[in-house]
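Colleague: Sharing a structure below in structure tokens format, with a few things to ask.
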Amino acid sequence: MATNKAKIAVLVSGGGTNLQALIDAEKSGIINSGEIVLVISNKADAYALKRAKKNGIETLVINNKAYSTRTEFEAKLIEAIDSRNIDIIVLAGFMCILTEDFTSHYPKRIINVHPSLIPSFCGDGFYGLRVHSAALDYGVKVTGATVHFVNEIPDGGEIIMQKAVEIKDGDTPEILQKRVMEQAEWIILPASVEKVANQIINK
């Protein structure tokens, strides 16, 4: 195994389906330039932690509610990430908005996947099923997913990849969420991670 791989940390809050997509992509060779070495959750009961442990990946719980300020919480995250020489941070359903103090520490090193075609249905308050409900309420015929770099503006960083997904008659937010995950998120998130990892190790 090549040692020249970008070290990846994945930040999670829930079930970890996107984390699973990344683990599977690493196993199948889609992600070849990077290696997931750390999974951090802000919730001790996140199922994503079980997925990580099952695959021999180091896990940490850093509970945002255990700190009186966001600055303290983010300082703890930075300490954990920097002490392991992490190259790329992937937000995979991480339900904490990160401030500029954190994002500016890792320019073009933090990646997020958002379940719409940015700039539609994105920004503050648009997450999870809310995004899909908004798309259906608006009546758009095409939605999708976007992988982008993270900066201090929610969903405002430079776009890395996008993939469109058709909306069908009779879709509910839940049905649409599943289709967007399967047809877009789980494809472009690993591909984007590989792209960024490859750029980092070949700099």
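Letters A, B, ... go to the chains of the structure tokens in the order shown; residues in each chain start at 1; ligands are counted from 1 in the same order.
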List as a CSV table (one decimal) with all heavy atoms, in the first residue's frame the protein and nucleic acid residues near Ala9 (chain A), meaning an atom at most 6 Å away when only C-alpha atoms are counted, but skip any in the same chain fewer than 6 places from it.

Modeller:
```csv
chain,number,residue,atom,x,y,z
A,36,ILE,N,-9.2,7.2,4.7
A,36,ILE,CA,-10.0,7.7,5.9
A,36,ILE,C,-9.3,7.1,7.1
A,36,ILE,O,-9.3,5.9,7.4
A,36,ILE,CB,-11.5,7.2,5.8
A,36,ILE,CG1,-12.2,7.6,4.5
A,36,ILE,CG2,-12.3,7.7,7.0
A,36,ILE,CD1,-13.5,6.8,4.2
A,38,LEU,N,-9.8,8.9,10.3
A,38,LEU,CA,-10.5,9.4,11.5
A,38,LEU,C,-12.0,9.8,11.2
A,38,LEU,O,-12.3,10.4,10.2
A,38,LEU,CB,-9.8,10.7,12.0
A,38,LEU,CG,-10.3,11.4,13.2
A,38,LEU,CD1,-10.2,10.5,14.5
A,38,LEU,CD2,-9.6,12.7,13.4
A,39,VAL,N,-12.8,9.4,12.1
A,39,VAL,CA,-14.3,9.8,12.0
A,39,VAL,C,-14.6,10.5,13.4
A,39,VAL,O,-14.4,9.9,14.4
A,39,VAL,CB,-15.2,8.6,11.8
A,39,VAL,CG1,-16.7,9.0,11.9
A,39,VAL,CG2,-15.0,8.0,10.4
A,89,ILE,N,-10.9,17.3,5.2
A,89,ILE,CA,-12.1,17.1,6.1
A,89,ILE,C,-13.3,17.0,5.3
A,89,ILE,O,-13.6,17.9,4.4
A,89,ILE,CB,-12.2,18.3,7.1
A,89,ILE,CG1,-10.9,18.4,7.9
A,89,ILE,CG2,-13.4,18.1,8.0
A,89,ILE,CD1,-10.7,19.8,8.5
```

Colleague: Using only C-alpha atoms, find each residue of region 120-198 of chain A with at least one atom at most 7 Å away from an atom of region 105-114 of chain A; report its shortest atom-to-atom pair and that distance in Å (one decimal), sort the rows by chain and rising residue number, and return the result as JSON lines.

Modeller:
```
{"residue": "A:Ala145", "atom": "CA", "partner": "A:His114", "partner_atom": "CA", "distance": 5.6}
{"residue": "A:Thr146", "atom": "CA", "partner": "A:His114", "partner_atom": "CA", "distance": 5.2}
{"residue": "A:Val147", "atom": "CA", "partner": "A:Val113", "partner_atom": "CA", "distance": 4.4}
{"residue": "A:His148", "atom": "CA", "partner": "A:Asn112", "partner_atom": "CA", "distance": 5.6}
{"residue": "A:Phe149", "atom": "CA", "partner": "A:Ile111", "partner_atom": "CA", "distance": 4.6}
{"residue": "A:Val150", "atom": "CA", "partner": "A:Ile110", "partner_atom": "CA", "distance": 5.3}
{"residue": "A:Glu185", "atom": "CA", "partner": "A:Val113", "partner_atom": "CA", "distance": 6.8}
{"residue": "A:Leu189", "atom": "CA", "partner": "A:Val113", "partner_atom": "CA", "distance": 6.5}
```

Colleague: Between CA of Glu158 (chain A) and CA of Ile78 (chain A), what is the distance, to one decimal in Å?

Modeller: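 Computing it gives 22.0 Å between the two atoms.
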
Colleague: Any chance you could list, as a ChimeraX atom specification, the residues in region 39-93 of chain A that come up helix (DSSP H, G or I) when DSSP is run on the backbone?

Modeller: /A:47-54,64-66,70-82

Colleague: Under the rule that only C-alpha atoms are counted, which of A:Ile159, A:Ile188, A:Val131, A:Ile62 is the nearest residue to Leu176 (chain A)?

Modeller: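 Checking each candidate against Leu176 (chain A), we get A:Val131 as the closest.
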
Colleague: Please identify the strand (DSSP E or B) residues within region 8-154 of chain A (assignment by DSSP from backbone atoms) and present them as a VMD selection string.

Modeller: chain A and resid 8 to 12 34 to 41 58 to 61 88 to 91 110 to 114 142 to 149

Colleague: Please provide as a list in words all residues within 8 Å of region 92-96 of chain A, with the sequence filter that same-chain residues fewer than 4 positions apart are discarded (counting only C-alpha atoms).

Modeller: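 Answer for this query is Val10, Leu11, Val12, Ser13, Gly14, Gly16, Asn18, Leu19, Ser41, Asn42, Asn112 and Val113 of chain A.
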
Colleague: Nearest to Ile86 (chain A): which of A:Glu100, A:Glu35, A:Asp124, A:Glu194 is it, counting only C-alpha atoms?

Modeller: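 Smallest separation from Ile86 (chain A) among the options: A:Glu35.
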
Colleague: If you measure from CA of Ala48 (chain A) to CA of Ala21 (chain A), what distance in Å do you get, rounded to one decimal?

Modeller: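 Those two atoms sit 11.4 Å apart.
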
Colleague: Using only C-alpha atoms, determine which residues lie at most 7 Å from Leu129 (chain A), disregarding the query and same-chain residues fewer than 3 positions distant; provide the list as a list in words.

Modeller: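 Near Leu129 (chain A), the qualifying residues are His132, Ser133, Pro173, Glu174 and Gln177 of chain A.
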
Colleague: Could you list, as a ChimeraX atom specification, every residue within 8 Å of Phe73 (chain A), counting only C-alpha atoms and ignoring same-chain residues fewer than 5 positions away?

Modeller: /A:62-64,66-67

Colleague: A:Ala75, A:Asp169, A:Gly34, A:Lys27: which is nearest Val196 (chain A), counting only C-alpha atoms?

Modeller: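 Closest to Val196 (chain A), using only C-alpha atoms: A:Gly34.
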
Colleague: I'd like to know which of A:Asn202, A:Thr143, A:Arg51, A:Leu136 is closest to Met181 (chain A), using only C-alpha atoms.

Modeller: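 Counting only C-alpha atoms, the residue closest to Met181 (chain A) is A:Thr143.
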
Colleague: Pick the closest to Lys178 (chain A) from A:Thr99, A:Gly144, A:Gly125, A:Gly157: which is it, counting only C-alpha atoms?

Modeller: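 Among A:Thr99, A:Gly144, A:Gly125, A:Gly157, it is A:Gly144 that comes nearest to Lys178 (chain A).
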